[in-house]
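Participant: My structure is below; once you've seen it, I'll send some questions.
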Amino acid sequence: MERLEVKNVNFSFGFKEILEDINFVLEKGKVISIVGPSGGGKTTLLHLCSKILRVEDGEIRNSFHSSSFAFQEPRLLPWKNVIDNIALGLLAKKERKDIAIKKAQEIALKFGLEIDDFTKFPKDLSGGMKQRVSFARALVVNPSLLFLDEPFSALDIGLKKELQNILIETINKENLSVLFITHDLMEAIKLSDEIIVLKAEPVGHIAKKFSIDISRDKRDDEFVYNETAKFLKDKIIIDSFELELR
Ligand SMILES: Nc1ncnc2c1ncn2[C@@H]1O[C@H](COP(=O)(O)OP(=O)(O)OP(=O)(O)O)[C@@H](O)[C@H]1O
């Protein structure tokens, strides 16, 4: 069974301790979100899991067959057009050029891009369109594990919902697993099977894990609002996010 297992991980940048005793398991088809205040080590943890950073203390075992990454800023190649940007990962995997282009076109349409957009370069795209391209590029390779670093944070509410719904559809259809970072508790509640709360002080550590058992399809706006309200009353959430209740 494919899984990502994080065991007793500690991490420092130089003498500065960033993460302490991190443990969790992401199983096939599941979604885990990492939430917490700025500077709590969320990005560092995602980078360790995706091998952008090397684990020096503890262990991360990843048996997923393939993975891809979408970042908060779209990171498109400025000299490649929309379709060539999306097709990048496929070509890197030695997919035939004509097949890669066809797959890139199909997914671009699914992500709400139009045929007229296909030959545009990143400088001529809006922020939302760039994010669509970036997300399509991460999913076109059909990964079994997707790492997301706040990919929806800069988007307006309509586009955010649209991309979240495409993600949910892909999770259901392809049994995709996702590990993602968000500042947005509502987003975490809408998408996750498990929410991991990272607390920054004194060193980044897991303050609490919450499971959400109800199926993603049943999480309507009312459910998400009510659960978020409950979360915001939880002492550990208040403490981790340094919220002040009035
Ligand atoms: N390359 C680096 N060298 C030294 N310190 C770093 C480096 N990258 C991050 N840090 C420090 O590590 C700590 C955790 O940063 P990280 O980006 O993982 O937090 P975060 O929870 O993702 O924050 P945010 O929500 O603001 O993105 C911060 O104190 C940051 O200053």
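Every chain in the structure tokens takes a letter, A first, then B, and so on in the order presented; its residues are numbered from 1, and the ligands are numbered from 1 following the presented order.
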Per DSSP on the backbone, what are the strand (DSSP E) residues of segment 44-209 of chain A, as an MDAnalysis selection string?

Facilitator: chainID A and resid 57:62 67:70 145:149 177:181 194:199 205:209

Participant: Throw together the list of residues within 9 Å of ligand 1, counting only C-alpha atoms and all ligand atoms, and drop it here as a ChimeraX atom specification.

Facilitator: /A:12-14,16-19,34-47,149-150,181-183,198-200,204

Participant: Those residues you just picked out, can you put them in a file as a tab-separated table (two decimals), in the first residue's frame with N, CA and C atoms?

Facilitator:
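Okay, this is what ended up in part-v4.tsv:
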chain	number	residue	atom	x	y	z
A	12	SER	N	16.57	21.54	11.87
A	12	SER	CA	17.11	22.86	12.22
A	12	SER	C	17.70	23.50	10.99
A	13	PHE	N	17.59	24.83	10.92
A	13	PHE	CA	18.39	25.60	9.96
A	13	PHE	C	19.56	26.13	10.78
A	14	GLY	N	20.76	25.61	10.56
A	14	GLY	CA	21.90	26.03	11.38
A	14	GLY	C	21.61	25.70	12.84
A	16	LYS	N	19.23	27.13	14.50
A	16	LYS	CA	17.83	27.44	14.82
A	16	LYS	C	16.93	26.20	14.63
A	17	GLU	N	16.38	25.72	15.74
A	17	GLU	CA	15.49	24.57	15.65
A	17	GLU	C	14.15	25.00	15.08
A	18	ILE	N	13.70	24.27	14.06
A	18	ILE	CA	12.46	24.65	13.37
A	18	ILE	C	11.34	23.66	13.66
A	19	LEU	N	11.67	22.38	13.64
A	19	LEU	CA	10.64	21.34	13.85
A	19	LEU	C	11.13	20.34	14.89
A	34	ILE	N	-1.87	20.78	6.77
A	34	ILE	CA	-1.04	21.28	7.86
A	34	ILE	C	-1.41	22.74	8.05
A	35	VAL	N	-1.92	23.07	9.20
A	35	VAL	CA	-2.32	24.45	9.47
A	35	VAL	C	-1.52	24.97	10.65
A	36	GLY	N	-1.47	26.30	10.74
A	36	GLY	CA	-0.76	26.88	11.88
A	36	GLY	C	-0.31	28.27	11.54
A	37	PRO	N	0.20	28.98	12.53
A	37	PRO	CA	0.59	30.37	12.31
A	37	PRO	C	1.84	30.48	11.44
A	38	SER	N	2.06	31.65	10.94
A	38	SER	CA	3.24	31.93	10.13
A	38	SER	C	4.51	31.61	10.92
A	39	GLY	N	5.46	31.00	10.24
A	39	GLY	CA	6.74	30.72	10.91
A	39	GLY	C	6.73	29.44	11.72
A	40	GLY	N	5.63	28.67	11.67
A	40	GLY	CA	5.55	27.44	12.46
A	40	GLY	C	6.28	26.27	11.84
A	41	GLY	N	6.76	26.44	10.61
A	41	GLY	CA	7.53	25.36	9.99
A	41	GLY	C	6.73	24.54	8.98
A	42	LYS	N	5.58	25.05	8.55
A	42	LYS	CA	4.73	24.28	7.62
A	42	LYS	C	5.45	24.03	6.29
A	43	THR	N	6.00	25.10	5.71
A	43	THR	CA	6.69	24.94	4.42
A	43	THR	C	7.90	24.04	4.58
A	44	THR	N	8.62	24.22	5.67
A	44	THR	CA	9.79	23.37	5.92
A	44	THR	C	9.38	21.90	5.95
A	45	LEU	N	8.28	21.61	6.64
A	45	LEU	CA	7.82	20.23	6.74
A	45	LEU	C	7.43	19.68	5.37
A	46	LEU	N	6.72	20.50	4.58
A	46	LEU	CA	6.32	20.05	3.23
A	46	LEU	C	7.56	19.81	2.37
A	47	HIS	N	8.56	20.66	2.53
A	47	HIS	CA	9.79	20.50	1.74
A	47	HIS	C	10.55	19.24	2.17
A	149	ASP	N	1.39	23.80	-1.65
A	149	ASP	CA	1.78	24.84	-0.70
A	149	ASP	C	0.89	26.06	-0.92
A	150	GLU	N	-0.20	26.11	-0.21
A	150	GLU	CA	-1.18	27.21	-0.29
A	150	GLU	C	-1.52	27.62	-1.73
A	181	ILE	N	-0.57	22.60	2.68
A	181	ILE	CA	-0.46	23.63	3.71
A	181	ILE	C	-1.53	24.66	3.46
A	182	THR	N	-2.15	25.13	4.51
A	182	THR	CA	-3.07	26.26	4.33
A	182	THR	C	-3.13	27.10	5.60
A	183	HIS	N	-3.43	28.38	5.41
A	183	HIS	CA	-3.71	29.25	6.54
A	183	HIS	C	-5.21	29.26	6.82
A	198	LEU	N	0.17	22.80	13.54
A	198	LEU	CA	1.57	23.03	13.96
A	198	LEU	C	1.61	24.28	14.80
A	199	LYS	N	2.23	24.17	15.96
A	199	LYS	CA	2.37	25.34	16.83
A	199	LYS	C	3.83	25.79	16.75
A	200	ALA	N	4.02	27.08	16.67
A	200	ALA	CA	5.37	27.59	16.44
A	200	ALA	C	6.24	27.59	17.70
A	204	GLY	N	8.62	24.48	16.38
A	204	GLY	CA	7.49	23.94	15.63
A	204	GLY	C	7.19	22.49	15.98

Participant: Leaving out Met1 of chain A and any residue of its chain fewer than 3 positions from it, which residues lie within 10 Å of it when counting only C-alpha atoms, given as a list in words?

Facilitator: Glu27, Lys28, Ser63 and Phe64 of chain A

Participant: Those same residues, written as an mmCIF file, in the first residue's frame with N, CA and C atoms?

Facilitator:
data_model
loop_
_atom_site.group_PDB
_atom_site.id
_atom_site.type_symbol
_atom_site.label_atom_id
_atom_site.label_comp_id
_atom_site.auth_asym_id
_atom_site.auth_seq_id
_atom_site.Cartn_x
_atom_site.Cartn_y
_atom_site.Cartn_z
ATOM 1 N N GLU A 27 -2.050 8.039 4.199
ATOM 2 C CA GLU A 27 -2.377 6.805 3.467
ATOM 3 C C GLU A 27 -2.904 7.150 2.075
ATOM 4 N N LYS A 28 -2.898 6.159 1.207
ATOM 5 C CA LYS A 28 -3.403 6.307 -0.165
ATOM 6 C C LYS A 28 -4.853 6.816 -0.162
ATOM 7 N N SER A 63 6.335 5.711 -0.069
ATOM 8 C CA SER A 63 6.213 4.602 -1.024
ATOM 9 C C SER A 63 5.196 4.929 -2.126
ATOM 10 N N PHE A 64 4.789 6.207 -2.232
ATOM 11 C CA PHE A 64 3.907 6.577 -3.347
ATOM 12 C C PHE A 64 4.663 6.409 -4.655
#

Participant: Could you please write out, as a PDB file with C-alpha atoms, in the first residue's frame, every residue of segment 37-246 of chain A that DSSP assigns to helix (DSSP H, G or I)?

Facilitator:
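See part_33.pdb below for the written result:
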ATOM      1  CA  LYS A  42       4.728  24.284   7.619  1.00  0.00           C
ATOM      2  CA  THR A  43       6.687  24.943   4.424  1.00  0.00           C
ATOM      3  CA  THR A  44       9.791  23.373   5.917  1.00  0.00           C
ATOM      4  CA  LEU A  45       7.819  20.226   6.744  1.00  0.00           C
ATOM      5  CA  LEU A  46       6.320  20.055   3.233  1.00  0.00           C
ATOM      6  CA  HIS A  47       9.787  20.496   1.743  1.00  0.00           C
ATOM      7  CA  LEU A  48      11.138  17.662   3.888  1.00  0.00           C
ATOM      8  CA  CYS A  49       8.259  15.388   2.813  1.00  0.00           C
ATOM      9  CA  VAL A  82       0.404  27.743 -21.557  1.00  0.00           C
ATOM     10  CA  ILE A  83       0.314  24.306 -23.176  1.00  0.00           C
ATOM     11  CA  ASP A  84       4.087  23.841 -23.104  1.00  0.00           C
ATOM     12  CA  ASN A  85       4.149  24.819 -19.440  1.00  0.00           C
ATOM     13  CA  ILE A  86       1.463  22.262 -18.628  1.00  0.00           C
ATOM     14  CA  ALA A  87       3.158  19.566 -20.735  1.00  0.00           C
ATOM     15  CA  LEU A  88       6.542  19.990 -19.002  1.00  0.00           C
ATOM     16  CA  GLY A  89       6.178  17.160 -16.495  1.00  0.00           C
ATOM     17  CA  LEU A  90       4.876  14.770 -19.149  1.00  0.00           C
ATOM     18  CA  LEU A  91       7.821  15.477 -21.429  1.00  0.00           C
ATOM     19  CA  ALA A  92      10.194  15.033 -18.493  1.00  0.00           C
ATOM     20  CA  LYS A  97       5.308  15.089 -27.686  1.00  0.00           C
ATOM     21  CA  ASP A  98       1.967  14.820 -29.528  1.00  0.00           C
ATOM     22  CA  ILE A  99       0.391  12.840 -26.691  1.00  0.00           C
ATOM     23  CA  ALA A 100       1.773  15.272 -24.077  1.00  0.00           C
ATOM     24  CA  ILE A 101       0.313  18.230 -25.978  1.00  0.00           C
ATOM     25  CA  LYS A 102      -3.068  16.524 -26.321  1.00  0.00           C
ATOM     26  CA  LYS A 103      -3.203  15.690 -22.602  1.00  0.00           C
ATOM     27  CA  ALA A 104      -2.131  19.249 -21.732  1.00  0.00           C
ATOM     28  CA  GLN A 105      -4.895  20.689 -23.931  1.00  0.00           C
ATOM     29  CA  GLU A 106      -7.539  18.436 -22.399  1.00  0.00           C
ATOM     30  CA  ILE A 107      -6.612  19.309 -18.838  1.00  0.00           C
ATOM     31  CA  ALA A 108      -6.305  23.027 -19.691  1.00  0.00           C
ATOM     32  CA  LEU A 109      -9.937  23.018 -20.839  1.00  0.00           C
ATOM     33  CA  LYS A 110     -10.990  21.151 -17.713  1.00  0.00           C
ATOM     34  CA  ILE A 115      -8.374  27.561 -26.666  1.00  0.00           C
ATOM     35  CA  ASP A 116      -7.351  31.191 -27.243  1.00  0.00           C
ATOM     36  CA  ASP A 117      -5.233  31.015 -24.075  1.00  0.00           C
ATOM     37  CA  PRO A 122       2.813  33.754 -18.651  1.00  0.00           C
ATOM     38  CA  LYS A 123       3.340  37.529 -18.914  1.00  0.00           C
ATOM     39  CA  ASP A 124      -0.034  37.789 -20.700  1.00  0.00           C
ATOM     40  CA  GLY A 127      -2.867  35.716 -11.650  1.00  0.00           C
ATOM     41  CA  GLY A 128      -5.871  33.379 -11.623  1.00  0.00           C
ATOM     42  CA  MET A 129      -5.027  31.965 -15.066  1.00  0.00           C
ATOM     43  CA  LYS A 130      -1.430  31.345 -13.998  1.00  0.00           C
ATOM     44  CA  GLN A 131      -2.700  29.460 -10.991  1.00  0.00           C
ATOM     45  CA  ARG A 132      -4.966  27.341 -13.242  1.00  0.00           C
ATOM     46  CA  VAL A 133      -1.926  26.502 -15.410  1.00  0.00           C
ATOM     47  CA  SER A 134       0.198  25.661 -12.391  1.00  0.00           C
ATOM     48  CA  PHE A 135      -2.466  23.393 -10.947  1.00  0.00           C
ATOM     49  CA  ALA A 136      -3.094  21.704 -14.303  1.00  0.00           C
ATOM     50  CA  ARG A 137       0.650  21.100 -14.671  1.00  0.00           C
ATOM     51  CA  ALA A 138       0.749  19.365 -11.277  1.00  0.00           C
ATOM     52  CA  LEU A 139      -2.217  17.114 -12.073  1.00  0.00           C
ATOM     53  CA  VAL A 140      -1.583  16.276 -15.740  1.00  0.00           C
ATOM     54  CA  ILE A 157     -13.508  33.090  -3.742  1.00  0.00           C
ATOM     55  CA  GLY A 158     -15.116  31.892  -7.009  1.00  0.00           C
ATOM     56  CA  LEU A 159     -11.904  30.526  -8.506  1.00  0.00           C
ATOM     57  CA  LYS A 160     -10.851  29.085  -5.155  1.00  0.00           C
ATOM     58  CA  LYS A 161     -14.090  27.063  -5.005  1.00  0.00           C
ATOM     59  CA  GLU A 162     -13.756  25.978  -8.630  1.00  0.00           C
ATOM     60  CA  LEU A 163     -10.205  24.661  -8.192  1.00  0.00           C
ATOM     61  CA  GLN A 164     -11.066  23.059  -4.847  1.00  0.00           C
ATOM     62  CA  ASN A 165     -13.938  21.223  -6.547  1.00  0.00           C
ATOM     63  CA  ILE A 166     -11.656  19.966  -9.345  1.00  0.00           C
ATOM     64  CA  LEU A 167      -9.275  18.753  -6.648  1.00  0.00           C
ATOM     65  CA  ILE A 168     -12.079  16.947  -4.789  1.00  0.00           C
ATOM     66  CA  GLU A 169     -13.239  15.329  -8.043  1.00  0.00           C
ATOM     67  CA  THR A 170      -9.686  14.127  -8.761  1.00  0.00           C
ATOM     68  CA  ILE A 171      -9.255  12.777  -5.224  1.00  0.00           C
ATOM     69  CA  ASN A 172     -12.472  10.766  -5.610  1.00  0.00           C
ATOM     70  CA  LYS A 173     -11.868   9.587  -9.161  1.00  0.00           C
ATOM     71  CA  GLU A 174      -8.130   8.859  -9.086  1.00  0.00           C
ATOM     72  CA  LEU A 185      -9.185  26.651   8.381  1.00  0.00           C
ATOM     73  CA  MET A 186     -12.338  26.537   6.223  1.00  0.00           C
ATOM     74  CA  GLU A 187     -10.321  25.155   3.335  1.00  0.00           C
ATOM     75  CA  ALA A 188      -8.704  22.572   5.624  1.00  0.00           C
ATOM     76  CA  ILE A 189     -12.137  21.497   6.882  1.00  0.00           C
ATOM     77  CA  LYS A 190     -13.587  21.285   3.387  1.00  0.00           C
ATOM     78  CA  LEU A 191     -10.777  19.138   1.961  1.00  0.00           C
ATOM     79  CA  ARG A 216     -16.061  15.308   1.302  1.00  0.00           C
ATOM     80  CA  ASP A 217     -19.160  15.287  -0.928  1.00  0.00           C
ATOM     81  CA  LYS A 218     -21.356  15.920   2.106  1.00  0.00           C
ATOM     82  CA  ASP A 221     -21.001  25.427   3.142  1.00  0.00           C
ATOM     83  CA  GLU A 222     -23.121  25.075   6.266  1.00  0.00           C
ATOM     84  CA  PHE A 223     -21.063  22.106   7.481  1.00  0.00           C
ATOM     85  CA  VAL A 224     -17.815  23.965   6.803  1.00  0.00           C
ATOM     86  CA  TYR A 225     -18.985  27.132   8.632  1.00  0.00           C
ATOM     87  CA  ASN A 226     -20.254  25.178  11.636  1.00  0.00           C
ATOM     88  CA  GLU A 227     -17.119  23.047  11.937  1.00  0.00           C
ATOM     89  CA  THR A 228     -14.897  26.114  11.574  1.00  0.00           C
ATOM     90  CA  ALA A 229     -16.821  27.834  14.374  1.00  0.00           C
ATOM     91  CA  LYS A 230     -16.261  24.747  16.555  1.00  0.00           C
ATOM     92  CA  PHE A 231     -12.544  24.671  15.691  1.00  0.00           C
ATOM     93  CA  LYS A 235      -8.320  25.825  23.181  1.00  0.00           C
ATOM     94  CA  ILE A 236      -5.394  24.320  21.253  1.00  0.00           C
ATOM     95  CA  ILE A 237      -6.387  26.143  18.050  1.00  0.00           C
ATOM     96  CA  ILE A 238      -6.739  29.425  19.963  1.00  0.00           C
ATOM     97  CA  ASP A 239      -3.384  28.850  21.578  1.00  0.00           C
ATOM     98  CA  SER A 240      -1.572  27.713  18.394  1.00  0.00           C
TER      99      SER A 240
END

Participant: With only C-alpha atoms as the atoms that count, which of A:Leu125, A:Ala70, A:Ile195, A:Ile214 lies nearest to Pro143 of chain A?

Facilitator: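 Nearest to Pro143 of chain A: A:Ala70.
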
Participant: Interatomic distance between atom CA of Phe69 of chain A and atom CA of Lys30 of chain A?

Facilitator: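 Going from atom CA of Phe69 of chain A over to atom CA of Lys30 of chain A, I get 16.2 Å.
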
Participant: For Phe11 of chain A, which of A:Asn175, A:Val203, A:Ala154, A:Arg219 is the closest residue, counting only C-alpha atoms?

Facilitator: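 Among A:Asn175, A:Val203, A:Ala154, A:Arg219, it is A:Val203 that comes nearest to Phe11 of chain A.
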
Participant: What separation in Å, quoted to one decimal, exists between atom CA of Glu5 of chain A and atom CA of Gly58 of chain A?

Facilitator: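 Answer for the atom CA of Glu5 of chain A to atom CA of Gly58 of chain A separation: 10.8 Å.
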
Participant: Using Å and a single decimal, report how far atom CA of Ser66 of chain A sits from atom CA of Lys51 of chain A.

Facilitator: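 For atom CA of Lys51 of chain A relative to atom CA of Ser66 of chain A, the distance reads 12.7 Å.
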